[in-house]
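Trainee: Pasting run04.pdb below, which is PDB, C-alpha atoms and all ligand atoms.
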ATOM      1  CA  MET A  13      78.601  43.737 272.365
ATOM      2  CA  SER A  14      77.182  40.610 270.810
ATOM      3  CA  PRO A  15      74.493  41.388 268.235
ATOM      4  CA  ILE A  16      72.555  38.280 269.299
ATOM      5  CA  SER A  17      69.257  38.351 271.202
ATOM      6  CA  ILE A  18      67.195  35.358 272.272
ATOM      7  CA  GLU A  19      63.399  35.176 272.621
ATOM      8  CA  THR A  20      61.914  32.242 274.531
ATOM      9  CA  TYR A  21      58.509  30.746 273.691
ATOM     10  CA  THR A  22      56.907  28.000 275.751
ATOM     11  CA  LEU A  23      54.473  26.100 273.589
ATOM     12  CA  GLY A  24      51.810  23.422 273.502
ATOM     13  CA  LEU A  25      50.722  20.568 275.713
ATOM     14  CA  PHE A  26      54.338  19.654 276.479
ATOM     15  CA  GLN A  27      55.404  23.208 277.367
ATOM     16  CA  VAL A  28      58.387  22.891 275.099
ATOM     17  CA  HIS A  29      60.679  25.869 274.636
ATOM     18  CA  SER A  30      61.370  27.212 271.179
ATOM     19  CA  TYR A  31      64.114  29.810 271.090
ATOM     20  CA  LEU A  32      64.341  32.499 268.466
ATOM     21  CA  VAL A  33      67.967  33.571 268.109
ATOM     22  CA  TRP A  34      68.198  36.814 266.173
ATOM     23  CA  ASN A  35      70.869  39.206 265.093
ATOM     24  CA  HIS A  36      69.811  42.804 265.638
ATOM     25  CA  GLU A  37      72.452  44.130 263.257
ATOM     26  CA  ASN A  38      71.440  42.225 260.107
ATOM     27  CA  ARG A  39      67.972  41.085 261.346
ATOM     28  CA  HIS A  40      68.474  37.421 260.461
ATOM     29  CA  ALA A  41      67.031  34.804 262.789
ATOM     30  CA  VAL A  42      67.287  31.106 263.566
ATOM     31  CA  LEU A  43      64.706  29.071 265.446
ATOM     32  CA  ILE A  44      65.808  26.314 267.818
ATOM     33  CA  ASP A  45      63.045  23.642 267.616
ATOM     34  CA  SER A  46      59.465  24.337 266.523
ATOM     35  CA  GLY A  47      56.934  23.783 269.289
ATOM     36  CA  ALA A  48      53.167  23.587 268.702
ATOM     37  CA  GLN A  49      51.177  26.643 267.528
ATOM     38  CA  PRO A  50      54.130  28.968 266.969
ATOM     39  CA  ASN A  51      51.903  31.948 266.046
ATOM     40  CA  GLU A  52      53.544  34.210 268.582
ATOM     41  CA  ILE A  53      56.963  33.497 267.073
ATOM     42  CA  LEU A  54      55.703  34.208 263.564
ATOM     43  CA  ASN A  55      54.131  37.469 264.748
ATOM     44  CA  PHE A  56      57.397  38.569 266.330
ATOM     45  CA  ILE A  57      59.310  37.741 263.138
ATOM     46  CA  ALA A  58      56.805  39.756 261.100
ATOM     47  CA  THR A  59      56.594  42.796 263.372
ATOM     48  CA  GLN A  60      60.386  42.970 263.790
ATOM     49  CA  ALA A  61      60.876  42.401 260.044
ATOM     50  CA  LEU A  62      63.279  39.510 260.663
ATOM     51  CA  ILE A  63      64.510  37.088 258.029
ATOM     52  CA  LEU A  64      64.058  33.568 259.361
ATOM     53  CA  GLU A  65      66.792  31.512 257.752
ATOM     54  CA  ALA A  66      66.693  28.133 259.489
ATOM     55  CA  ILE A  67      65.304  25.851 262.145
ATOM     56  CA  LEU A  68      67.938  23.926 264.086
ATOM     57  CA  TYR A  69      66.458  20.766 265.614
ATOM     58  CA  THR A  70      67.947  19.482 268.847
ATOM     59  CA  HIS A  71      66.121  16.174 268.234
ATOM     60  CA  THR A  72      62.956  14.998 266.526
ATOM     61  CA  HIS A  73      60.567  14.138 269.329
ATOM     62  CA  LEU A  74      56.993  15.203 268.601
ATOM     63  CA  ASP A  75      56.925  18.211 270.939
ATOM     64  CA  HIS A  76      60.014  19.762 269.327
ATOM     65  CA  VAL A  77      58.753  19.585 265.727
ATOM     66  CA  GLU A  78      54.958  20.113 265.988
ATOM     67  CA  GLY A  79      54.987  23.734 264.819
ATOM     68  CA  TYR A  80      56.917  23.047 261.608
ATOM     69  CA  GLY A  81      53.894  23.064 259.261
ATOM     70  CA  LEU A  82      52.760  26.572 260.183
ATOM     71  CA  ILE A  83      56.295  27.975 259.941
ATOM     72  CA  LYS A  84      56.826  26.327 256.549
ATOM     73  CA  GLN A  85      53.538  27.838 255.303
ATOM     74  CA  GLN A  86      54.815  31.352 255.992
ATOM     75  CA  HIS A  87      58.488  30.667 255.263
ATOM     76  CA  PRO A  88      58.457  28.132 252.412
ATOM     77  CA  GLU A  89      62.213  28.375 251.825
ATOM     78  CA  ILE A  90      63.112  27.608 255.435
ATOM     79  CA  ALA A  91      66.190  25.423 255.947
ATOM     80  CA  ALA A  92      65.984  22.715 258.611
ATOM     81  CA  TYR A  93      68.949  21.015 260.287
ATOM     82  CA  TYR A  94      68.983  17.788 262.289
ATOM     83  CA  HIS A  95      71.189  14.800 263.111
ATOM     84  CA  SER A  96      70.299  11.829 260.928
ATOM     85  CA  GLU A  97      70.572   9.335 263.797
ATOM     86  CA  ASP A  98      67.148  10.686 264.779
ATOM     87  CA  ASP A  99      65.611   9.461 261.501
ATOM     88  CA  PHE A 100      63.588   6.749 263.172
ATOM     89  CA  TRP A 101      61.958   9.296 265.505
ATOM     90  CA  LEU A 102      61.202  11.536 262.546
ATOM     91  CA  GLU A 103      59.597   8.621 260.709
ATOM     92  CA  ALA A 104      57.640   7.718 263.851
ATOM     93  CA  LEU A 105      55.896  11.112 264.174
ATOM     94  CA  PRO A 106      52.446   9.559 263.458
ATOM     95  CA  GLU A 107      52.981   6.958 266.206
ATOM     96  CA  GLN A 108      54.277   9.598 268.633
ATOM     97  CA  ALA A 109      51.201  11.746 267.927
ATOM     98  CA  GLU A 110      48.865   8.800 268.398
ATOM     99  CA  MET A 111      50.477   7.894 271.705
ATOM    100  CA  PHE A 112      49.816  11.387 273.078
ATOM    101  CA  ARG A 113      46.455  11.773 271.246
ATOM    102  CA  GLN A 114      47.732  14.758 269.303
ATOM    103  CA  PRO A 115      47.095  15.602 265.643
ATOM    104  CA  ILE A 116      49.781  14.169 263.352
ATOM    105  CA  PRO A 117      52.130  17.061 262.572
ATOM    106  CA  GLU A 118      53.628  17.844 259.186
ATOM    107  CA  LYS A 119      56.956  16.052 258.918
ATOM    108  CA  PRO A 120      59.791  18.589 258.602
ATOM    109  CA  VAL A 121      61.562  18.657 255.259
ATOM    110  CA  MET A 122      65.112  18.450 256.546
ATOM    111  CA  THR A 123      67.445  20.310 254.213
ATOM    112  CA  ASP A 124      70.703  19.668 256.081
ATOM    113  CA  THR A 125      72.155  17.051 258.378
ATOM    114  CA  VAL A 126      74.579  18.019 261.108
ATOM    115  CA  SER A 127      77.551  16.174 262.527
ATOM    116  CA  HIS A 128      79.540  16.502 265.710
ATOM    117  CA  GLY A 129      82.097  19.283 265.745
ATOM    118  CA  GLU A 130      80.687  20.978 262.673
ATOM    119  CA  TRP A 131      80.161  24.731 262.540
ATOM    120  CA  ILE A 132      76.901  25.790 260.915
ATOM    121  CA  LYS A 133      77.694  29.155 259.360
ATOM    122  CA  LEU A 134      74.557  31.264 259.073
ATOM    123  CA  LYS A 135      73.919  34.970 258.658
ATOM    124  CA  THR A 136      72.464  35.075 262.170
ATOM    125  CA  GLY A 137      75.750  33.692 263.512
ATOM    126  CA  ASP A 138      77.881  30.543 263.602
ATOM    127  CA  PHE A 139      76.611  27.577 265.627
ATOM    128  CA  GLU A 140      78.836  24.715 266.774
ATOM    129  CA  VAL A 141      77.229  21.269 266.810
ATOM    130  CA  ARG A 142      77.885  18.970 269.769
ATOM    131  CA  HIS A 143      76.454  15.455 269.576
ATOM    132  CA  CYS A 144      74.723  14.518 272.838
ATOM    133  CA  PRO A 145      73.118  11.099 272.351
ATOM    134  CA  GLY A 146      71.289   9.270 275.140
ATOM    135  CA  HIS A 147      67.863  10.921 275.240
ATOM    136  CA  THR A 148      67.669  10.178 271.519
ATOM    137  CA  PRO A 149      70.527   8.821 269.364
ATOM    138  CA  GLY A 150      70.612  11.970 267.234
ATOM    139  CA  GLY A 151      70.333  14.503 270.054
ATOM    140  CA  VAL A 152      72.547  17.539 269.527
ATOM    141  CA  SER A 153      73.327  20.785 271.330
ATOM    142  CA  TYR A 154      74.017  24.009 269.483
ATOM    143  CA  VAL A 155      76.617  26.413 270.831
ATOM    144  CA  ILE A 156      76.812  30.113 270.039
ATOM    145  CA  GLU A 157      78.997  31.773 272.654
ATOM    146  CA  PRO A 158      77.975  32.375 275.443
ATOM    147  CA  HIS A 159      74.793  30.345 274.867
ATOM    148  CA  VAL A 160      74.125  26.607 274.490
ATOM    149  CA  PHE A 161      70.825  25.040 273.407
ATOM    150  CA  THR A 162      70.618  21.577 274.901
ATOM    151  CA  GLY A 163      67.199  20.229 273.857
ATOM    152  CA  ASP A 164      66.163  17.412 276.193
ATOM    153  CA  SER A 165      69.721  16.357 277.089
ATOM    154  CA  LEU A 166      70.466  18.741 279.956
ATOM    155  CA  PHE A 167      67.891  20.580 282.083
ATOM    156  CA  LYS A 168      68.176  22.774 285.161
ATOM    157  CA  ASN A 169      68.953  20.300 287.995
ATOM    158  CA  THR A 170      68.122  17.222 285.950
ATOM    159  CA  ILE A 171      68.811  15.426 282.670
ATOM    160  CA  GLY A 172      66.650  13.969 279.896
ATOM    161  CA  ARG A 173      64.578  10.791 280.061
ATOM    162  CA  THR A 174      66.290   7.704 278.759
ATOM    163  CA  ASP A 175      63.421   5.208 278.975
ATOM    164  CA  PHE A 176      62.385   5.646 275.323
ATOM    165  CA  PRO A 177      63.461   3.193 272.611
ATOM    166  CA  ARG A 178      67.205   3.603 271.959
ATOM    167  CA  GLY A 179      67.615   5.882 274.970
ATOM    168  CA  ASP A 180      70.568   5.175 277.262
ATOM    169  CA  HIS A 181      71.323   6.787 280.625
ATOM    170  CA  LYS A 182      75.062   6.099 280.701
ATOM    171  CA  THR A 183      75.491   7.440 277.164
ATOM    172  CA  LEU A 184      73.624  10.607 278.080
ATOM    173  CA  VAL A 185      75.623  11.300 281.252
ATOM    174  CA  GLU A 186      78.878  10.735 279.339
ATOM    175  CA  ALA A 187      77.801  13.025 276.496
ATOM    176  CA  ILE A 188      76.782  15.806 278.876
ATOM    177  CA  SER A 189      80.052  15.520 280.799
ATOM    178  CA  ARG A 190      82.185  15.566 277.667
ATOM    179  CA  GLN A 191      80.280  17.868 275.364
ATOM    180  CA  LEU A 192      78.543  20.313 277.709
ATOM    181  CA  LEU A 193      80.436  20.460 280.992
ATOM    182  CA  SER A 194      83.561  21.173 278.941
ATOM    183  CA  LEU A 195      82.079  24.622 278.240
ATOM    184  CA  PRO A 196      83.042  27.498 280.569
ATOM    185  CA  ASP A 197      80.899  28.162 283.668
ATOM    186  CA  HIS A 198      79.360  31.367 282.367
ATOM    187  CA  PHE A 199      77.627  29.718 279.394
ATOM    188  CA  MET A 200      73.824  30.062 279.596
ATOM    189  CA  VAL A 201      71.951  26.776 279.160
ATOM    190  CA  TYR A 202      68.696  26.931 277.188
ATOM    191  CA  SER A 203      66.880  23.610 277.658
ATOM    192  CA  GLY A 204      63.918  22.124 275.856
ATOM    193  CA  HIS A 205      61.807  22.385 279.025
ATOM    194  CA  GLY A 206      62.065  24.070 282.433
ATOM    195  CA  GLY A 207      64.201  26.911 283.717
ATOM    196  CA  LEU A 208      67.197  28.745 282.403
ATOM    197  CA  THR A 209      70.514  27.750 283.988
ATOM    198  CA  THR A 210      74.270  27.965 283.444
ATOM    199  CA  ILE A 211      76.997  25.400 282.873
ATOM    200  CA  GLY A 212      78.569  26.452 286.195
ATOM    201  CA  GLU A 213      75.340  25.893 288.145
ATOM    202  CA  GLU A 214      74.808  22.459 286.616
ATOM    203  CA  ARG A 215      78.419  21.454 287.210
ATOM    204  CA  LEU A 216      77.887  22.263 290.916
ATOM    205  CA  GLN A 217      74.290  21.273 291.555
ATOM    206  CA  ASN A 218      72.981  18.767 289.039
ATOM    207  CA  PRO A 219      72.573  15.508 291.017
ATOM    208  CA  TYR A 220      72.881  13.371 287.862
ATOM    209  CA  LEU A 221      76.305  14.741 286.978
ATOM    210  CA  ARG A 222      78.259  14.003 290.156
TER     211      ARG A 222
HETATM  212 ZN    ZN B   1      62.654  14.718 273.801
HETATM  213 ZN    ZN B   2      60.846  17.619 274.855
END
As structure tokens - that is how I would like this structure written.
Ligand SMILES: [Zn+2]
Ligand SMILES: [Zn+2]

Mentor:
Amino acid sequence: MSPISIETYTLGLFQVHSYLVWNHENRHAVLIDSGAQPNEILNFIATQALILEAILYTHTHLDHVEGYGLIKQQHPEIAAYYHSEDDFWLEALPEQAEMFRQPIPEKPVMTDTVSHGEWIKLKTGDFEVRHCPGHTPGGVSYVIEPHVFTGDSLFKNTIGRTDFPRGDHKTLVEAISRQLLSLPDHFMVYSGHGGLTTIGEERLQNPYLR
């Protein structure tokens, strides 16, 4: 049996999902994105005596990074991974916050950049990086069999917005088809917002992917 468990937290104004992926054999954990006010996540980490080793960012839109400051306070050595094509979104956090009238969040100190096809080898487990541009240029999905974390690229029955600067619908549909629909049907899809789904369900039902 896989030693991996996943906790889902839905956070902040944007109801973004942060996923805590943890290994119940060695008690190491990885966070996928850091939504606003992640107190509940930090409490779980503390009460379960987990070692949080990294945050893997699917992209650097405001809602996915807001909780970084609080996590960093309690886990000062935390590693953070992202795709560098999202640099301009990372630099634009103050403008993103202003647009949504939110406090300006602490900018994540990214310790590692990821690239397509790379395996991130962590104590929690090994994550494969799949580049899925279109929602943002540096959007990535993280695969740890039989789970895939898709950020705002693929949702249950829909796909990510592409009306932001440097978004592109055709690029996104192509990336999802190539990088995500190539996974087997039974893979569970953990999106940045909305319901849980599977690759098989989306292959059949997602109206944007026909
Ligand atoms: Zn987004
Ligand atoms: Zn989002």

Trainee: One decimal, in Å: what's the spacing between CA of Ile90 in chain A and CA of Pro115 in chain A?

Mentor: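 Computing it gives 22.5 Å between the two atoms.
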
Trainee: Determine the residue set returned by the PyMOL selection byres (((not hetatm)) within 7 of (chain B and resi 1)) for the present structure, and present it as a CSV table (one decimal) with C-alpha atoms, keeping the file's coordinate frame.

Mentor:
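Resulting contents of out-v6.csv:
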chain,number,residue,atom,x,y,z
A,71,HIS,CA,66.1,16.2,268.2
A,73,HIS,CA,60.6,14.1,269.3
A,147,HIS,CA,67.9,10.9,275.2
A,164,ASP,CA,66.2,17.4,276.2

Trainee: May I ask for the distance between CA of Trp131 in chain A and CA of Gly79 in chain A, given in Å to one decimal place?

Mentor: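 We find that CA of Trp131 in chain A and CA of Gly79 in chain A lie 25.3 Å from each other.
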
Trainee: List the spatial neighbours of Lys135 in chain A as a PyMOL selection string - criterion: any atom at most 9 Å away, only C-alpha atoms, same-chain residues fewer than 3 positions off excluded.

Mentor: chain A and resi 35+38-41+65+138

Trainee: Written as a PyMOL selection string, which residues does the PyMOL selection byres (((chain A and resi 171) around 10) and not hetatm) give for the file shown?

Mentor: chain A and resi 147+164-170+172-174+181+184-185+188+203+218-221

Trainee: Work out how far CA of Ile18 in chain A is from CA of Gln114 in chain A, in Å to one decimal.

Mentor: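 Separating CA of Gln114 in chain A from CA of Ile18 in chain A is a distance of 28.5 Å.
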
Trainee: Counting only C-alpha atoms and all ligand atoms, which protein, DNA or RNA residues come within 12 Å of ligand ZN 2 (chain B), given as a ChimeraX atom specification?

Mentor: /A:22-30,45-48,69-78,147-148,151,162-167,171-174,203-206

Trainee: Could you work out an axis-aligned box for range 16-34 of chain A, taking every atom the file lists and adding 4 Å on each side, and report centre and edge lengths in Å to one decimal, as JSON?

Mentor:
{"center_x": 61.6, "center_y": 29.0, "center_z": 271.8, "size_x": 29.8, "size_y": 26.7, "size_z": 19.2}

Trainee: Would you mind telling me which residue in A:Gln108, A:Ala58, A:Gln49, A:Ile63 lies nearest to Tyr80 in chain A when using all atoms listed in the file?

Mentor: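 Once distances to Tyr80 in chain A are computed over all atoms listed in the file, the minimum belongs to A:Gln49.
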